[in-house]
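The next block holds one structure in the form of structure tokens; read it before the comments.
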Amino acid sequence: MTIQVVAFALILAAIWFLGRNIVHNLEELGKDFNFAFLNSRAGYDINQRLIEYSNDSTHGRAALVGILNTLLVAFLGCILATILGVIAGVLRLSKNWLVGRLMTVYVEGFRNIPLLLWIILIFAVMTESTPGPRDFRGDDAEASMILGESVAVTNRGIYVPNVVFTRSLGGNEMTEAADGVEAAVIPSAVAMDWLLVLVLLVGGVFASKAIGRWATRTQEATGVRPPATFWMQLGVILGPFVVVMLVLGATLDIPELRGFNFSGGIHMRNSLIALWFALSLYTGAFIAEIVRAGIMAVSKGQTEAAFALGLRPNRTMNLVILPQAMRVIIPPLISQYLNLTKNSSLAIAVGYMDVRSTLGGITINQTGRELEGMLLLGLFYLVTSLIISGVMNIYNNSVKLKER
Amino acid sequence: MKKSVLLGTLAVAGLAAGAVSAQTLDEVRARGALNCGVTTGLVGFAAPDANGEWEGFDVGVCRAVAAAVLGDSTAVNFVPTTGQTRFTALASGEVDMLARNTTWTFSRDVDLRFEFTGINYYDGQGFIVPRELGVSSAMELDGATICIQTGTTTELNLADFFASNNMTYEPVPIETNAEGQQQYLAGACDSYTTDASGLAATRATFENPGDHVVLPEIISKEPLGPLVRHGDNEWGDIVRWTLNALIAAEELGVTSANVAELAAGTENPEINRLLGSEGDLGGMLGLSSDWAVNAISSVGNYGELFEGNIGENTPIGLARGLNAQWTDGGLLYSPPFR
């Protein structure tokens with residue numbers, strides 16, 4: 001007890017000392033402590049923007065653009081890392097010698113080499129080994145677009161077609177009518193369009209599940225499963241989707257070479273792809289080990305019992321082993337998601353404009369507000385991490401062993 | 001005065017809350033070496049040579065200050081800084097001065113609490129493009145992908161230039177000049193933009209410099225100079241007048257070859273005051289009377305420094321242009337030593 005009190009007092013003293021020093025030294029430098037810089041004009045441009053932003057926007061807006069870029073790469077990374085990790089973890093236990101060893105090489109290779117090296121390596125390979133946009137030019141071009149002239153892989157990123165609408169909910173602009181040329185609709189898309197599509201898809205999935213339950217009930221009552229259940233389930237998902245796409249007038253916006261660069265379509269920059277892949281492959285290696293540990297924690301008797309009942313190996317894995325392994329897997333998986341999100345701050349190495357690069361980089365540099373910027377940055381990562389672990393804890397509670 | 005140097009263990013990485021005081025001169029003397037912030041490598045301005053010795057135009061300024069203060073031009077610890085880390089390094093006391101192609105602007109001088117001690121290179125921002133692109137003017141760069149160092153004035157100038165000419169571009173942010181060079185040569189950007197002197201220095205290191213052109217437009221004023229922390233005026237004076245001594249030496253015809261001879265005394269009273277054989281200008285700065293002699297004999301005067309590192313006879317091949325003495329139609333003009 002005494003030791004605890006003394007330790008607590010010492011920690012308080014240390015914090016007080018640090019705080020007083022910061023205040024004192026800032027005073028000596030003649031700097032004050034305020035966040036007004038967030039409302040001043042940023043003056044710099046950002047290449048990847050998920051929301052409207054120009055160099056006339058504020059530093060606060062630039063920080064928001066960076067935050068969204070961080071969340072985007074973290075979200076994509078968590079999904080891909082989980083897929084890679086589960087596959088690699090299961091395959092590492094494979095009885096096939098070659099498959100098992102290959103996965104060992106993957107796990108050990110990525111786990112034991114610093115993430116920064118992987119990010120830079122993947123980025124370098126992507127910029128050095130792919131053709132520049134100007135190689136696509138001319139009749140005798142050195143490079144050509146793939147997948148039916150719709151996807152361009154360049155050293156500045158990958159351009160893929162985008163879906164746009166000629167009858168968008170946000171309204172469409174018209175081109176100017178000229179002699180002999182009628183005014184044409186410029187296809188565009190607003191968030192509302194995609195929200196509508198998403199709502200219909202989610203609704204379709206729920207409806208299809210309801211049909212499935214109804215079919216099972218009927219089967220259990222009568223012994224006969226209603227005919228064409230599968231097609232009904234498929235139709236209830238795809239039907240509304242196809243109708244809404246037709247109503248909105250969906251068309252493809254295919255990238256084409258114009259001036260220095262491709263325009264149109266979606267531009268997935270090399271920086272995003274390199275960061276995304278490197279984060280996923282690296283974290284995936286750790287997740288693979290967690291998955292392997294989870295599977296091995298399930299008693300061998302469970303497998304033998306499932307085999308004895310006549311379940312095939314992949315159904316044994318999906319229905320018996322993985323659900324039990326989940327209880328062991330989820331808690332360490334949360335840490336891996338948090339790690340991935342925080343590791344995304346290495347983005348500046350490849351010039352990906354995440355929050356560390358905008359708020360924590362350029363804004364701090366242009367305004368000289370290191371302390372304020374770094375505190376905001378720390379706060380953002382803290383809040384994000386707490387939200388991720390909160391959500392994952394809810395999921396963990398739903399799969400953990402129910403004790404009654 | 002607090003002497004404690006603390007590293008905030010919070011998320012305050014980089015903000016070393018150090019004792020910034022009016023005693024930089026004493027600290028340098030006690031340390032026996034000058035900590036000078038330079039670039040991470042820009043040939044001609046500051047880069048290590050094959051033996052690891054730093055050399056270049058900005059490095060010369062560091063060495064001159066070290067020679068004036070400590071009498072030894074080799075007593076310099078060079079600290080490589082990026083565009084993003086340079087100001088934190090100076091504000092925290094990690095370096096005593098920056099000589100790092102840094103543009104003198106109002107907000108850096110006033111809001112960031114630094115003191116620019118003069119201008120050692122009058123520059124402007126330019127663009128470099130591959131010759132095969134067929135671009136002859138920056139006005140043709142609409143829609144181009146442009147590599148740019150983050151945390152610099154060039155970043156802001158570029159945004160202003162494209163916005164005011166109603167053009168669009170795709171910025172590719174990079175951290176150091178070497179990274180920019182690699183990205184540009186790999187074709188990940190159509191053009192690389194930085195100070196025109198930096199472009200010339202970078203192009204000089206290309207395998208085939210002739211395949212690349214620097215576009216004629218200069219889109220900004222970039223007065224580059226050494227800077228120190230605000231608040232230590234004695235130290236600021238030393239750096240300012242060391243630079244002025246190099247400039248005045250060229251104007252007065254004092255070179256590294258004849259400085260020892262002239263220091264004995266000449267007919268020209270201004271040379272005598274500069275070199276310490278008349279009056280006590282060194283003592284007023286808190287230095288020895290031969291401070292300017294040490295500086296000039298170790299790195300040469302401004303003209304020697306320029307010609308030896310970035311002038312027309314070097315691979316970088318920059319003309320004096322605006323950086324000629326005022327007597328030759330340039331902008332270099334040292335206040336009198338009196």
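Here, A, B, ... name the chains of the structure tokens in the order displayed, residue numbers run from 1 inside each chain, and ligands are numbered from 1 in the same displayed order.
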Contacts of Leu38 in chain A within 6 Å, only C-alpha atoms, excl. fewer than 2 positions in-chain, as JSON, numbers by chain:
{"A": [35, 36, 40, 59, 60]}
If DSSP is run on the backbone, what residues of range 189-289 of chain A are strand (DSSP E or B)? A reply as an NGL selection string would be ideal.
:A and (250-253 or 256-258 or 261-263 or 266-269)
Tell me which protein, DNA and RNA residues are within 10 Å of Ala89 in chain B, counting only C-alpha atoms, leaving out same-chain ones fewer than 3 positions away, and put them as a PyMOL selection string.
chain B and resi 14-16+37+79-82+84-86+92-98
Just the selected residues (N, CA and C atoms), exported as a JSON list (two decimals), in the first residue's frame, please.
```json
[["chain", "number", "residue", "atom", "x", "y", "z"],
["B", 14, "GLY", "N", 9.37, 14.72, -30.94],
["B", 14, "GLY", "CA", 9.92, 15.77, -31.77],
["B", 14, "GLY", "C", 9.96, 17.11, -31.09],
["B", 15, "LEU", "N", 9.04, 17.36, -30.18],
["B", 15, "LEU", "CA", 9.08, 18.64, -29.50],
["B", 15, "LEU", "C", 9.98, 18.49, -28.28],
["B", 16, "ALA", "N", 11.25, 18.57, -28.51],
["B", 16, "ALA", "CA", 12.15, 18.50, -27.38],
["B", 16, "ALA", "C", 12.08, 19.84, -26.69],
["B", 37, "GLY", "N", 22.32, 22.35, -39.07],
["B", 37, "GLY", "CA", 21.32, 21.58, -39.80],
["B", 37, "GLY", "C", 21.46, 21.82, -41.30],
["B", 79, "VAL", "N", 23.92, 17.94, -39.19],
["B", 79, "VAL", "CA", 22.70, 17.19, -38.86],
["B", 79, "VAL", "C", 21.79, 17.23, -40.08],
["B", 80, "PRO", "N", 21.63, 16.12, -40.80],
["B", 80, "PRO", "CA", 20.75, 16.13, -41.98],
["B", 80, "PRO", "C", 19.30, 16.25, -41.53],
["B", 81, "THR", "N", 18.57, 17.17, -42.14],
["B", 81, "THR", "CA", 17.15, 17.36, -41.80],
["B", 81, "THR", "C", 16.32, 17.35, -43.08],
["B", 82, "THR", "N", 15.09, 16.90, -42.97],
["B", 82, "THR", "CA", 14.18, 16.94, -44.12],
["B", 82, "THR", "C", 13.35, 18.22, -44.03],
["B", 84, "GLN", "N", 10.43, 18.47, -43.42],
["B", 84, "GLN", "CA", 9.49, 18.39, -42.31],
["B", 84, "GLN", "C", 10.14, 18.49, -40.95],
["B", 85, "THR", "N", 11.40, 18.07, -40.83],
["B", 85, "THR", "CA", 12.00, 18.01, -39.50],
["B", 85, "THR", "C", 12.85, 19.22, -39.18],
["B", 86, "ARG", "N", 13.18, 20.04, -40.20],
["B", 86, "ARG", "CA", 14.19, 21.08, -39.99],
["B", 86, "ARG", "C", 13.81, 22.07, -38.90],
["B", 92, "SER", "N", 13.98, 23.11, -31.17],
["B", 92, "SER", "CA", 14.23, 22.32, -29.97],
["B", 92, "SER", "C", 15.66, 22.45, -29.48],
["B", 93, "GLY", "N", 16.52, 23.08, -30.26],
["B", 93, "GLY", "CA", 17.90, 23.22, -29.83],
["B", 93, "GLY", "C", 18.81, 22.09, -30.29],
["B", 94, "GLU", "N", 18.27, 21.19, -31.13],
["B", 94, "GLU", "CA", 19.09, 20.09, -31.63],
["B", 94, "GLU", "C", 20.20, 20.63, -32.53],
["B", 95, "VAL", "N", 19.91, 21.70, -33.26],
["B", 95, "VAL", "CA", 20.95, 22.35, -34.06],
["B", 95, "VAL", "C", 21.02, 23.82, -33.64],
["B", 96, "ASP", "N", 22.20, 24.42, -33.84],
["B", 96, "ASP", "CA", 22.39, 25.82, -33.46],
["B", 96, "ASP", "C", 21.97, 26.74, -34.59],
["B", 97, "MET", "N", 22.07, 26.26, -35.82],
["B", 97, "MET", "CA", 21.65, 27.06, -36.96],
["B", 97, "MET", "C", 21.26, 26.13, -38.10],
["B", 98, "LEU", "N", 20.46, 26.66, -39.02],
["B", 98, "LEU", "CA", 20.10, 25.90, -40.21],
["B", 98, "LEU", "C", 20.73, 26.59, -41.41]]
```
From the DSSP assignment of the backbone, select every residue of range 317-377 of chain A that is alpha helix (DSSP H), and format the answer as an NGL selection string.
:A and (322-343 or 355-357 or 364-367 or 370-377)
Check: which chain A residues lie within 8 Å of chain B using only C-alpha atoms, as a PDB file with C-alpha atoms, in the first residue's frame:
```pdb
ATOM      1  CA  LEU A  18       6.685  17.571 -17.727  1.00  0.00           C
ATOM      2  CA  ASN A  21       8.371  22.331 -18.517  1.00  0.00           C
ATOM      3  CA  ILE A  22       6.293  22.362 -21.677  1.00  0.00           C
ATOM      4  CA  ASN A  25       9.520  26.342 -22.668  1.00  0.00           C
ATOM      5  CA  LEU A  26       6.657  27.311 -24.942  1.00  0.00           C
ATOM      6  CA  GLU A  28      10.210  31.088 -23.596  1.00  0.00           C
ATOM      7  CA  LEU A  29       9.854  30.384 -27.319  1.00  0.00           C
ATOM      8  CA  GLY A  30       7.040  32.926 -27.342  1.00  0.00           C
ATOM      9  CA  LYS A  31       4.491  30.393 -28.552  1.00  0.00           C
ATOM     10  CA  GLY A  43      -2.906  26.311 -49.052  1.00  0.00           C
ATOM     11  CA  TYR A  44      -1.672  22.862 -50.075  1.00  0.00           C
ATOM     12  CA  ASP A  45      -3.245  20.224 -52.301  1.00  0.00           C
ATOM     13  CA  ILE A  46      -3.954  16.582 -51.497  1.00  0.00           C
ATOM     14  CA  ASN A  47      -4.095  13.997 -54.252  1.00  0.00           C
ATOM     15  CA  ASN A  55      -6.107  24.367 -51.330  1.00  0.00           C
ATOM     16  CA  THR A 127       6.523   2.042 -59.839  1.00  0.00           C
ATOM     17  CA  GLU A 128       9.590   0.522 -61.486  1.00  0.00           C
ATOM     18  CA  GLY A 132       4.071   5.076 -67.607  1.00  0.00           C
ATOM     19  CA  ASN A 155       3.358   3.330 -62.633  1.00  0.00           C
ATOM     20  CA  ARG A 156       1.033   5.923 -61.096  1.00  0.00           C
ATOM     21  CA  GLY A 259      -3.179  14.657 -71.728  1.00  0.00           C
ATOM     22  CA  PHE A 260      -0.558  13.541 -69.244  1.00  0.00           C
ATOM     23  CA  ASN A 261      -2.708  11.008 -67.402  1.00  0.00           C
ATOM     24  CA  ILE A 348       4.304   9.019 -45.486  1.00  0.00           C
ATOM     25  CA  ALA A 349       7.064   6.646 -46.658  1.00  0.00           C
ATOM     26  CA  VAL A 350       5.212   6.222 -49.949  1.00  0.00           C
ATOM     27  CA  GLY A 351       3.501   9.598 -49.962  1.00  0.00           C
ATOM     28  CA  TYR A 352       0.050   8.340 -49.038  1.00  0.00           C
ATOM     29  CA  GLY A 361       3.071  16.496 -41.434  1.00  0.00           C
ATOM     30  CA  ILE A 362       2.323  19.361 -43.731  1.00  0.00           C
ATOM     31  CA  THR A 363      -0.033  21.274 -41.431  1.00  0.00           C
ATOM     32  CA  ASN A 365       5.195  22.205 -40.800  1.00  0.00           C
ATOM     33  CA  GLN A 366       3.350  25.120 -42.354  1.00  0.00           C
ATOM     34  CA  THR A 367       1.887  26.443 -39.100  1.00  0.00           C
ATOM     35  CA  GLY A 368       4.569  25.470 -36.568  1.00  0.00           C
ATOM     36  CA  GLU A 370       3.833  20.779 -33.262  1.00  0.00           C
ATOM     37  CA  LEU A 371       2.352  20.293 -29.821  1.00  0.00           C
ATOM     38  CA  MET A 374       0.641  15.901 -32.248  1.00  0.00           C
ATOM     39  CA  LEU A 375      -1.905  15.982 -29.410  1.00  0.00           C
ATOM     40  CA  GLY A 378      -2.681  11.126 -30.639  1.00  0.00           C
TER      41      GLY A 378
END
```
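Among B:Arg240, B:Ala245, B:Gln125, B:Glu132, the residue with the shortest atom-to-atom distance to Val299 in chain B, counting only C-alpha atoms, is B:Ala245.
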Taking 6 positions as the minimum chain separation for residues in the same chain, which residues sit within 7 Å of Thr154 in chain A when counting only C-alpha atoms? Answer as number ranges by chain.
A: 130-133
How far is it from CA of Ala67 in chain B to CA of Trp291 in chain B, in Å with one decimal?
7.2 Å
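CA of Leu200 in chain A sits 20.5 Å away from CA of Gly171 in chain A.
Of the listed residues (A:Leu322, A:Leu12, A:Val65, A:Met232), A:Leu322 comes nearest to Val291 in chain A; the distances count only C-alpha atoms.
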